[in-house]
$ cat run05.cif   # mmCIF, C-alpha atoms
data_upload
loop_
_atom_site.group_PDB
_atom_site.id
_atom_site.type_symbol
_atom_site.label_atom_id
_atom_site.label_comp_id
_atom_site.auth_asym_id
_atom_site.auth_seq_id
_atom_site.Cartn_x
_atom_site.Cartn_y
_atom_site.Cartn_z
ATOM 1 C CA MET A 1 -38.171 -23.466 11.967
ATOM 2 C CA ARG A 2 -40.847 -20.931 10.899
ATOM 3 C CA TRP A 3 -38.265 -18.740 9.122
ATOM 4 C CA LEU A 4 -36.917 -21.804 7.332
ATOM 5 C CA LEU A 5 -40.361 -22.861 6.131
ATOM 6 C CA THR A 6 -40.967 -19.302 4.969
ATOM 7 C CA PHE A 7 -37.738 -19.399 2.994
ATOM 8 C CA ILE A 8 -38.503 -22.777 1.436
ATOM 9 C CA ILE A 9 -41.975 -21.715 0.366
ATOM 10 C CA ALA A 10 -40.523 -18.503 -1.068
ATOM 11 C CA LEU A 11 -38.041 -20.592 -3.013
ATOM 12 C CA VAL A 12 -40.590 -23.082 -4.307
ATOM 13 C CA GLY A 13 -43.879 -21.253 -4.472
ATOM 14 C CA GLY A 14 -42.938 -17.595 -4.649
ATOM 15 C CA PHE A 15 -42.955 -14.851 -2.043
ATOM 16 C CA ALA A 16 -46.721 -14.526 -2.073
ATOM 17 C CA GLY A 17 -47.024 -18.056 -0.758
ATOM 18 C CA ALA A 18 -44.335 -17.349 1.839
ATOM 19 C CA ALA A 19 -46.170 -14.296 3.034
ATOM 20 C CA ALA A 20 -49.387 -16.283 3.338
ATOM 21 C CA TRP A 21 -47.594 -18.891 5.435
ATOM 22 C CA GLN A 22 -45.891 -16.334 7.648
ATOM 23 C CA PHE A 23 -48.824 -14.086 8.368
ATOM 24 C CA ALA A 24 -51.771 -16.425 8.115
ATOM 25 C CA GLY A 25 -50.054 -19.570 9.359
ATOM 26 C CA ILE A 26 -51.110 -21.548 6.288
ATOM 27 C CA GLY A 27 -49.617 -22.302 2.901
ATOM 28 C CA PRO A 28 -51.264 -22.818 -0.487
ATOM 29 C CA ASN A 29 -52.200 -26.409 -1.069
ATOM 30 C CA PRO A 30 -50.189 -26.681 -4.306
ATOM 31 C CA THR A 31 -47.036 -25.738 -2.401
ATOM 32 C CA ARG A 32 -47.763 -28.220 0.363
ATOM 33 C CA ASP A 33 -48.452 -30.918 -2.186
ATOM 34 C CA TYR A 34 -45.259 -30.111 -4.049
ATOM 35 C CA LEU A 35 -43.135 -30.326 -0.879
ATOM 36 C CA LEU A 36 -44.735 -33.617 0.124
ATOM 37 C CA ALA A 37 -44.211 -35.050 -3.342
ATOM 38 C CA ASN A 38 -40.648 -33.681 -3.651
ATOM 39 C CA PRO A 39 -39.069 -33.759 -0.170
ATOM 40 C CA GLU A 40 -35.601 -33.719 -1.767
ATOM 41 C CA VAL A 41 -35.986 -29.955 -2.302
ATOM 42 C CA LEU A 42 -35.789 -29.380 1.458
ATOM 43 C CA PRO A 43 -32.087 -30.239 1.918
ATOM 44 C CA GLU A 44 -31.357 -28.482 -1.367
ATOM 45 C CA ALA A 45 -33.087 -25.342 -0.105
ATOM 46 C CA ILE A 46 -31.274 -25.542 3.217
ATOM 47 C CA GLU A 47 -27.947 -25.859 1.376
ATOM 48 C CA VAL A 48 -28.740 -22.776 -0.701
ATOM 49 C CA LEU A 49 -29.620 -20.885 2.460
ATOM 50 C CA ASN A 50 -26.429 -22.002 4.204
ATOM 51 C CA GLN A 51 -24.331 -20.871 1.233
ATOM 52 C CA ARG A 52 -26.004 -17.474 1.195
ATOM 53 C CA GLU A 53 -25.499 -17.032 4.926
ATOM 54 C CA ALA A 54 -21.822 -18.031 4.670
ATOM 55 C CA LEU A 55 -21.257 -15.600 1.815
ATOM 56 C CA ALA A 56 -22.908 -12.811 3.782
ATOM 57 C CA LYS A 57 -20.498 -13.442 6.660
ATOM 58 C CA VAL A 58 -17.323 -13.915 4.638
ATOM 59 C CA GLU A 59 -17.556 -11.293 1.918
ATOM 60 C CA PRO A 60 -17.241 -8.158 4.104
ATOM 61 C CA LEU A 61 -14.206 -9.697 5.849
ATOM 62 C CA ARG A 62 -12.558 -11.411 2.882
ATOM 63 C CA ASP A 63 -9.611 -9.056 2.401
ATOM 64 C CA ASP A 64 -8.756 -9.146 6.093
ATOM 65 C CA LEU A 65 -9.194 -12.923 6.298
ATOM 66 C CA GLU A 66 -7.087 -13.746 3.263
ATOM 67 C CA THR A 67 -4.270 -11.285 4.005
ATOM 68 C CA PRO A 68 -1.891 -13.108 6.347
ATOM 69 C CA PHE A 69 0.275 -11.681 9.052
ATOM 70 C CA PRO A 70 3.491 -11.175 7.055
ATOM 71 C CA GLY A 71 5.141 -14.553 6.697
ATOM 72 C CA ALA A 72 2.413 -16.582 8.458
ATOM 73 C CA VAL A 73 1.536 -18.579 5.373
ATOM 74 C CA LEU A 74 2.059 -22.121 4.107
ATOM 75 C CA GLY A 75 2.101 -23.370 0.535
ATOM 76 C CA ASN A 76 2.270 -20.873 -2.308
ATOM 77 C CA PRO A 77 2.246 -17.319 -0.883
ATOM 78 C CA ASP A 78 1.042 -16.068 -4.273
ATOM 79 C CA GLY A 79 -1.494 -18.860 -4.784
ATOM 80 C CA LYS A 80 -4.794 -18.098 -6.498
ATOM 81 C CA ILE A 81 -6.778 -20.282 -4.080
ATOM 82 C CA THR A 82 -6.728 -19.385 -0.385
ATOM 83 C CA LEU A 83 -7.423 -21.716 2.508
ATOM 84 C CA VAL A 84 -7.700 -19.913 5.837
ATOM 85 C CA GLU A 85 -7.200 -21.943 9.010
ATOM 86 C CA PHE A 86 -7.835 -20.737 12.549
ATOM 87 C CA SER A 87 -5.448 -22.807 14.631
ATOM 88 C CA ASP A 88 -4.278 -23.379 18.222
ATOM 89 C CA TYR A 89 -1.044 -25.214 19.094
ATOM 90 C CA ALA A 90 -2.796 -26.877 22.034
ATOM 91 C CA CYS A 91 -5.486 -28.275 19.720
ATOM 92 C CA THR A 92 -5.238 -32.020 19.106
ATOM 93 C CA TYR A 93 -7.506 -31.749 16.063
ATOM 94 C CA CYS A 94 -5.299 -29.031 14.574
ATOM 95 C CA ARG A 95 -2.325 -31.360 14.981
ATOM 96 C CA GLN A 96 -4.268 -34.176 13.333
ATOM 97 C CA SER A 97 -5.162 -31.881 10.437
ATOM 98 C CA MET A 98 -1.549 -30.958 9.684
ATOM 99 C CA GLY A 99 -1.093 -34.004 7.441
ATOM 100 C CA ASP A 100 -4.197 -33.063 5.461
ATOM 101 C CA VAL A 101 -2.974 -29.499 5.000
ATOM 102 C CA MET A 102 0.451 -30.594 3.791
ATOM 103 C CA ALA A 103 -1.082 -33.131 1.407
ATOM 104 C CA LEU A 104 -3.379 -30.442 -0.003
ATOM 105 C CA ILE A 105 -0.408 -28.128 -0.517
ATOM 106 C CA GLU A 106 1.437 -30.855 -2.388
ATOM 107 C CA ALA A 107 -1.589 -31.622 -4.561
ATOM 108 C CA ASN A 108 -2.441 -27.970 -5.264
ATOM 109 C CA PRO A 109 0.516 -25.819 -6.339
ATOM 110 C CA ASP A 110 -1.810 -22.794 -6.513
ATOM 111 C CA LEU A 111 -2.899 -23.111 -2.858
ATOM 112 C CA LYS A 112 -2.061 -20.446 -0.279
ATOM 113 C CA VAL A 113 -2.754 -21.458 3.327
ATOM 114 C CA VAL A 114 -3.216 -18.502 5.673
ATOM 115 C CA ILE A 115 -2.748 -19.523 9.301
ATOM 116 C CA ARG A 116 -4.615 -17.328 11.747
ATOM 117 C CA GLU A 117 -3.413 -17.942 15.301
ATOM 118 C CA LEU A 118 -6.397 -18.385 17.634
ATOM 119 C CA PRO A 119 -4.937 -19.293 21.053
ATOM 120 C CA ILE A 120 -8.069 -20.063 23.049
ATOM 121 C CA LEU A 121 -7.299 -23.349 24.814
ATOM 122 C CA SER A 122 -4.534 -22.524 27.279
ATOM 123 C CA GLU A 123 -2.018 -19.932 28.403
ATOM 124 C CA GLY A 124 0.609 -21.928 26.547
ATOM 125 C CA SER A 125 -1.459 -21.518 23.392
ATOM 126 C CA GLY A 126 -0.917 -17.775 23.546
ATOM 127 C CA ASP A 127 2.814 -18.136 24.180
ATOM 128 C CA ALA A 128 3.161 -20.487 21.200
ATOM 129 C CA ALA A 129 1.093 -18.198 18.967
ATOM 130 C CA ARG A 130 3.285 -15.226 19.791
ATOM 131 C CA MET A 131 6.414 -17.244 19.073
ATOM 132 C CA ALA A 132 4.884 -18.359 15.763
ATOM 133 C CA LEU A 133 4.345 -14.731 14.744
ATOM 134 C CA ALA A 134 7.877 -13.881 15.852
ATOM 135 C CA ALA A 135 9.083 -16.772 13.708
ATOM 136 C CA ALA A 136 7.069 -15.354 10.802
ATOM 137 C CA GLN A 137 8.913 -12.049 11.197
ATOM 138 C CA GLN A 138 12.155 -13.964 10.770
ATOM 139 C CA GLY A 139 10.960 -16.007 7.791
ATOM 140 C CA ARG A 140 10.805 -19.195 9.869
ATOM 141 C CA PHE A 141 7.055 -19.634 10.268
ATOM 142 C CA ALA A 142 6.555 -22.865 8.315
ATOM 143 C CA ALA A 143 9.457 -24.533 10.106
ATOM 144 C CA PHE A 144 8.189 -23.435 13.530
ATOM 145 C CA HIS A 145 4.592 -24.416 12.738
ATOM 146 C CA ASP A 146 5.702 -27.925 11.828
ATOM 147 C CA ALA A 147 8.106 -28.274 14.761
ATOM 148 C CA MET A 148 5.576 -26.958 17.286
ATOM 149 C CA PHE A 149 2.928 -29.462 16.261
ATOM 150 C CA ARG A 150 5.467 -32.257 16.688
ATOM 151 C CA GLN A 151 5.937 -31.236 20.319
ATOM 152 C CA ASP A 152 3.782 -32.600 23.116
ATOM 153 C CA GLY A 153 1.821 -29.420 23.713
ATOM 154 C CA PRO A 154 2.813 -25.754 24.050
ATOM 155 C CA SER A 155 4.839 -25.739 27.278
ATOM 156 C CA GLU A 156 7.602 -23.176 27.750
ATOM 157 C CA GLU A 157 10.238 -25.831 27.113
ATOM 158 C CA ASN A 158 8.496 -27.190 24.016
ATOM 159 C CA ILE A 159 8.013 -23.736 22.504
ATOM 160 C CA ALA A 160 11.693 -22.958 22.947
ATOM 161 C CA ALA A 161 12.682 -26.347 21.524
ATOM 162 C CA ALA A 162 10.475 -25.849 18.446
ATOM 163 C CA ALA A 163 11.856 -22.354 17.930
ATOM 164 C CA ARG A 164 15.443 -23.571 18.114
ATOM 165 C CA GLU A 165 14.674 -26.420 15.710
ATOM 166 C CA ALA A 166 13.128 -23.912 13.290
ATOM 167 C CA GLY A 167 16.182 -21.671 13.435
ATOM 168 C CA VAL A 168 14.446 -18.790 15.229
ATOM 169 C CA ASP A 169 16.635 -16.164 16.900
ATOM 170 C CA LEU A 170 15.171 -16.537 20.388
ATOM 171 C CA ALA A 171 16.540 -13.289 21.790
ATOM 172 C CA LYS A 172 15.153 -11.278 18.877
ATOM 173 C CA ALA A 173 11.842 -13.129 19.081
ATOM 174 C CA GLN A 174 11.489 -12.495 22.804
ATOM 175 C CA THR A 175 12.183 -8.798 22.341
ATOM 176 C CA ALA A 176 9.377 -8.605 19.776
ATOM 177 C CA ILE A 177 7.022 -10.571 22.025
ATOM 178 C CA ASP A 178 7.785 -8.404 25.066
ATOM 179 C CA SER A 179 7.115 -5.269 23.020
ATOM 180 C CA GLY A 180 3.521 -6.390 22.447
ATOM 181 C CA ALA A 181 4.055 -6.420 18.695
ATOM 182 C CA PHE A 182 1.651 -9.330 18.142
ATOM 183 C CA GLU A 183 -1.248 -8.465 20.438
ATOM 184 C CA GLY A 184 -3.154 -6.553 17.782
ATOM 185 C CA GLN A 185 -2.945 -9.506 15.390
ATOM 186 C CA LEU A 186 -4.210 -11.956 18.004
ATOM 187 C CA GLN A 187 -7.077 -9.662 18.945
ATOM 188 C CA ASN A 188 -7.990 -9.240 15.285
ATOM 189 C CA ASN A 189 -7.992 -13.011 14.778
ATOM 190 C CA LEU A 190 -10.367 -13.395 17.714
ATOM 191 C CA PHE A 191 -12.640 -10.704 16.270
ATOM 192 C CA LEU A 192 -12.675 -12.422 12.871
ATOM 193 C CA ALA A 193 -13.434 -15.824 14.411
ATOM 194 C CA GLN A 194 -16.295 -14.426 16.470
ATOM 195 C CA SER A 195 -17.683 -12.540 13.467
ATOM 196 C CA LEU A 196 -17.840 -15.808 11.518
ATOM 197 C CA GLY A 197 -19.398 -17.746 14.391
ATOM 198 C CA PHE A 198 -16.317 -19.888 15.010
ATOM 199 C CA SER A 199 -15.941 -21.054 18.597
ATOM 200 C CA GLY A 200 -13.205 -23.675 18.266
ATOM 201 C CA THR A 201 -10.247 -24.866 16.254
ATOM 202 C CA PRO A 202 -9.532 -25.847 13.607
ATOM 203 C CA SER A 203 -11.935 -23.694 11.633
ATOM 204 C CA TRP A 204 -11.602 -23.083 7.920
ATOM 205 C CA ILE A 205 -12.622 -20.726 5.144
ATOM 206 C CA VAL A 206 -12.269 -21.667 1.486
ATOM 207 C CA GLY A 207 -13.914 -19.338 -0.991
ATOM 208 C CA ASP A 208 -17.456 -18.900 0.327
ATOM 209 C CA GLU A 209 -17.455 -22.021 2.510
ATOM 210 C CA LEU A 210 -17.062 -22.167 6.281
ATOM 211 C CA LEU A 211 -16.050 -25.472 7.862
ATOM 212 C CA ASN A 212 -15.661 -26.376 11.529
ATOM 213 C CA GLY A 213 -13.428 -29.026 13.070
ATOM 214 C CA ALA A 214 -11.114 -31.678 11.685
ATOM 215 C CA VAL A 215 -13.270 -32.183 8.606
ATOM 216 C CA GLY A 216 -10.668 -34.236 6.747
ATOM 217 C CA MET A 217 -8.845 -33.930 3.473
ATOM 218 C CA ASP A 218 -11.786 -34.882 1.251
ATOM 219 C CA ALA A 219 -14.019 -32.081 2.552
ATOM 220 C CA LEU A 220 -11.229 -29.520 2.265
ATOM 221 C CA SER A 221 -10.291 -30.733 -1.199
ATOM 222 C CA ASP A 222 -13.915 -30.475 -2.364
ATOM 223 C CA ALA A 223 -14.116 -26.927 -0.998
ATOM 224 C CA ILE A 224 -10.886 -25.994 -2.789
ATOM 225 C CA GLU A 225 -12.219 -27.333 -6.095
ATOM 226 C CA THR A 226 -15.481 -25.456 -5.636
ATOM 227 C CA ALA A 227 -13.562 -22.232 -5.004
ATOM 228 C CA ARG A 228 -11.344 -22.861 -8.025
ATOM 229 C CA ASN A 229 -14.355 -23.380 -10.298
ATOM 230 C CA THR A 230 -16.397 -20.481 -8.999
#

$ encode --input "run05.cif" --output "structure tokens"
Amino acid sequence: MRWLLTFIIALVGGFAGAAAWQFAGIGPNPTRDYLLANPEVLPEAIEVLNQREALAKVEPLRDDLETPFPGAVLGNPDGKITLVEFSDYACTYCRQSMGDVMALIEANPDLKVVIRELPILSEGSGDAARMALAAAQQGRFAAFHDAMFRQDGPSEENIAAAAREAGVDLAKAQTAIDSGAFEGQLQNNLFLAQSLGFSGTPSWIVGDELLNGAVGMDALSDAIETARNT
């Protein structure tokens, strides 16, 4: 917490006061009095710090994050607002979030949803992710994504059933999968997730905000509006 107190004092009382706190272990009495009299500045300061840290993580990776694997996008592919989702077909929370994502797409015609496959939960997750990217190559990603999440988990039979329902050419897809065409994309997604500190799915990026878990439509909608107005 020492670094946080240093930051807060720098924010409220100037860097001289922060330095005094850090190196001498004490803070000027006016600063202490101000913090005690105005404790509401603490969560505000923490929020500012969180936003700055998120921006520092996202900005160097933004182009890579917001550029989908060709075809692996929902909503408006030319949308001005981008929602990035790291997703796993074995993830119950990702399945639960599908309704929120579709509702957001309907409510925001300018929304592009970039799906980044992050198959970390099971071997079947990886098989489903590869089939999803093969479906994207064939222009069938959205249909497969929807069909796969309506299956009871990513078993071999369920993946094939979702692909057939989505109109995927299974022979062509399997050839692409066997060639290793999608391994680089999956490895890059893992690198991006780790770089952002994501350890589970779903995880989201909207503008400069990072969100973890099934945060719900309201939180995602608020983040979209913040990005739109920034």

$ closest_residue --input "run05.cif" --among "A:Ser87, A:Gln137, A:Gln96, A:Thr67" --to "Lys172 of chain A" --atoms "only C-alpha atoms"
A:Gln137

$ residues_around --input "run05.cif" --residues "segment 109-120 of chain A" --least-positions-apart "6" --cutoff "9 Å" --atoms "only C-alpha atoms" --output "ChimeraX atom specification"
/A:65-69,72-90,101,126-130,132-133,185-187,189-190,193,200-201,224

$ closest_residue --input "run05.cif" --among "A:Leu220, A:Leu196, A:Ala227, A:Cys91" --to "Leu61 of chain A" --atoms "only C-alpha atoms"
A:Leu196

$ resolve_selection --input "run05.cif" --expression "the PyMOL selection byres ((chain A and resi 152) around 12)" --output "number ranges by chain"
A: 89-92, 95, 124, 147-151, 153-159, 161-162

$ closest_residue --input "run05.cif" --among "A:Phe182, A:Phe198, A:Phe144, A:Tyr34" --to "Ala166 of chain A" --atoms "all atoms listed in the file"
A:Phe144

$ atom_distance --input "run05.cif" --atom1 "atom CA of Ala160 of chain A" --atom2 "atom CA of Gln174 of chain A"
10.5 Å

$ closest_residue --input "run05.cif" --among "A:Ala176, A:Leu192, A:Met102, A:Ala134" --to "Asp146 of chain A" --atoms "all atoms listed in the file"
A:Met102

$ atom_distance --input "run05.cif" --atom1 "atom CA of Ala214 of chain A" --atom2 "atom CA of Pro202 of chain A"
6.3 Å

$ closest_residue --input "run05.cif" --among "A:Glu183, A:Ala223, A:Asp63, A:Phe191" --to "Ile205 of chain A" --atoms "all atoms listed in the file"
A:Ala223

$ atom_distance --input "run05.cif" --atom1 "atom CA of Asn212 of chain A" --atom2 "atom CA of Ala136 of chain A"
25.3 Å

$ build_atoms --input "run05.cif" --residues "segment 103-120 of chain A" --atoms "N, CA, C and O atoms" --output "PDB file, in the coordinates of the input"
ATOM      1  N   ALA A 103      -0.718 -32.368   2.601  1.00  0.00           N
ATOM      2  CA  ALA A 103      -1.082 -33.131   1.407  1.00  0.00           C
ATOM      3  C   ALA A 103      -1.817 -32.248   0.401  1.00  0.00           C
ATOM      4  O   ALA A 103      -1.605 -32.363  -0.818  1.00  0.00           O
ATOM      5  N   LEU A 104      -2.666 -31.354   0.884  1.00  0.00           N
ATOM      6  CA  LEU A 104      -3.379 -30.442  -0.003  1.00  0.00           C
ATOM      7  C   LEU A 104      -2.412 -29.478  -0.677  1.00  0.00           C
ATOM      8  O   LEU A 104      -2.572 -29.156  -1.865  1.00  0.00           O
ATOM      9  N   ILE A 105      -1.414 -29.015   0.066  1.00  0.00           N
ATOM     10  CA  ILE A 105      -0.408 -28.128  -0.517  1.00  0.00           C
ATOM     11  C   ILE A 105       0.352 -28.847  -1.629  1.00  0.00           C
ATOM     12  O   ILE A 105       0.592 -28.281  -2.711  1.00  0.00           O
ATOM     13  N   GLU A 106       0.708 -30.088  -1.376  1.00  0.00           N
ATOM     14  CA  GLU A 106       1.437 -30.855  -2.388  1.00  0.00           C
ATOM     15  C   GLU A 106       0.586 -31.092  -3.634  1.00  0.00           C
ATOM     16  O   GLU A 106       1.100 -31.057  -4.764  1.00  0.00           O
ATOM     17  N   ALA A 107      -0.698 -31.316  -3.434  1.00  0.00           N
ATOM     18  CA  ALA A 107      -1.589 -31.622  -4.561  1.00  0.00           C
ATOM     19  C   ALA A 107      -2.074 -30.381  -5.298  1.00  0.00           C
ATOM     20  O   ALA A 107      -2.584 -30.495  -6.420  1.00  0.00           O
ATOM     21  N   ASN A 108      -1.918 -29.207  -4.677  1.00  0.00           N
ATOM     22  CA  ASN A 108      -2.441 -27.970  -5.264  1.00  0.00           C
ATOM     23  C   ASN A 108      -1.360 -26.890  -5.253  1.00  0.00           C
ATOM     24  O   ASN A 108      -1.266 -26.109  -4.298  1.00  0.00           O
ATOM     25  N   PRO A 109      -0.572 -26.811  -6.301  1.00  0.00           N
ATOM     26  CA  PRO A 109       0.516 -25.819  -6.339  1.00  0.00           C
ATOM     27  C   PRO A 109       0.029 -24.374  -6.271  1.00  0.00           C
ATOM     28  O   PRO A 109       0.827 -23.475  -5.963  1.00  0.00           O
ATOM     29  N   ASP A 110      -1.262 -24.152  -6.554  1.00  0.00           N
ATOM     30  CA  ASP A 110      -1.810 -22.794  -6.513  1.00  0.00           C
ATOM     31  C   ASP A 110      -2.485 -22.477  -5.181  1.00  0.00           C
ATOM     32  O   ASP A 110      -3.225 -21.488  -5.077  1.00  0.00           O
ATOM     33  N   LEU A 111      -2.218 -23.276  -4.143  1.00  0.00           N
ATOM     34  CA  LEU A 111      -2.899 -23.111  -2.858  1.00  0.00           C
ATOM     35  C   LEU A 111      -2.056 -22.298  -1.874  1.00  0.00           C
ATOM     36  O   LEU A 111      -0.909 -22.646  -1.584  1.00  0.00           O
ATOM     37  N   LYS A 112      -2.644 -21.242  -1.368  1.00  0.00           N
ATOM     38  CA  LYS A 112      -2.061 -20.446  -0.279  1.00  0.00           C
ATOM     39  C   LYS A 112      -2.822 -20.764   0.999  1.00  0.00           C
ATOM     40  O   LYS A 112      -4.053 -20.676   1.024  1.00  0.00           O
ATOM     41  N   VAL A 113      -2.119 -21.142   2.049  1.00  0.00           N
ATOM     42  CA  VAL A 113      -2.754 -21.458   3.327  1.00  0.00           C
ATOM     43  C   VAL A 113      -2.402 -20.360   4.324  1.00  0.00           C
ATOM     44  O   VAL A 113      -1.243 -20.215   4.733  1.00  0.00           O
ATOM     45  N   VAL A 114      -3.391 -19.582   4.702  1.00  0.00           N
ATOM     46  CA  VAL A 114      -3.216 -18.502   5.673  1.00  0.00           C
ATOM     47  C   VAL A 114      -3.531 -19.057   7.057  1.00  0.00           C
ATOM     48  O   VAL A 114      -4.660 -19.491   7.313  1.00  0.00           O
ATOM     49  N   ILE A 115      -2.542 -19.053   7.927  1.00  0.00           N
ATOM     50  CA  ILE A 115      -2.748 -19.523   9.301  1.00  0.00           C
ATOM     51  C   ILE A 115      -3.068 -18.328  10.180  1.00  0.00           C
ATOM     52  O   ILE A 115      -2.272 -17.383  10.287  1.00  0.00           O
ATOM     53  N   ARG A 116      -4.226 -18.375  10.807  1.00  0.00           N
ATOM     54  CA  ARG A 116      -4.615 -17.328  11.747  1.00  0.00           C
ATOM     55  C   ARG A 116      -4.550 -17.933  13.146  1.00  0.00           C
ATOM     56  O   ARG A 116      -5.313 -18.849  13.487  1.00  0.00           O
ATOM     57  N   GLU A 117      -3.613 -17.425  13.949  1.00  0.00           N
ATOM     58  CA  GLU A 117      -3.413 -17.942  15.301  1.00  0.00           C
ATOM     59  C   GLU A 117      -4.610 -17.574  16.173  1.00  0.00           C
ATOM     60  O   GLU A 117      -4.965 -16.403  16.309  1.00  0.00           O
ATOM     61  N   LEU A 118      -5.246 -18.598  16.761  1.00  0.00           N
ATOM     62  CA  LEU A 118      -6.397 -18.385  17.634  1.00  0.00           C
ATOM     63  C   LEU A 118      -6.155 -19.144  18.942  1.00  0.00           C
ATOM     64  O   LEU A 118      -6.694 -20.236  19.159  1.00  0.00           O
ATOM     65  N   PRO A 119      -5.333 -18.581  19.825  1.00  0.00           N
ATOM     66  CA  PRO A 119      -4.937 -19.293  21.053  1.00  0.00           C
ATOM     67  C   PRO A 119      -5.999 -19.190  22.139  1.00  0.00           C
ATOM     68  O   PRO A 119      -5.969 -18.304  22.988  1.00  0.00           O
ATOM     69  N   ILE A 120      -6.922 -20.137  22.146  1.00  0.00           N
ATOM     70  CA  ILE A 120      -8.069 -20.063  23.049  1.00  0.00           C
ATOM     71  C   ILE A 120      -8.094 -21.188  24.077  1.00  0.00           C
ATOM     72  O   ILE A 120      -8.948 -21.176  24.971  1.00  0.00           O
TER      73      ILE A 120
END
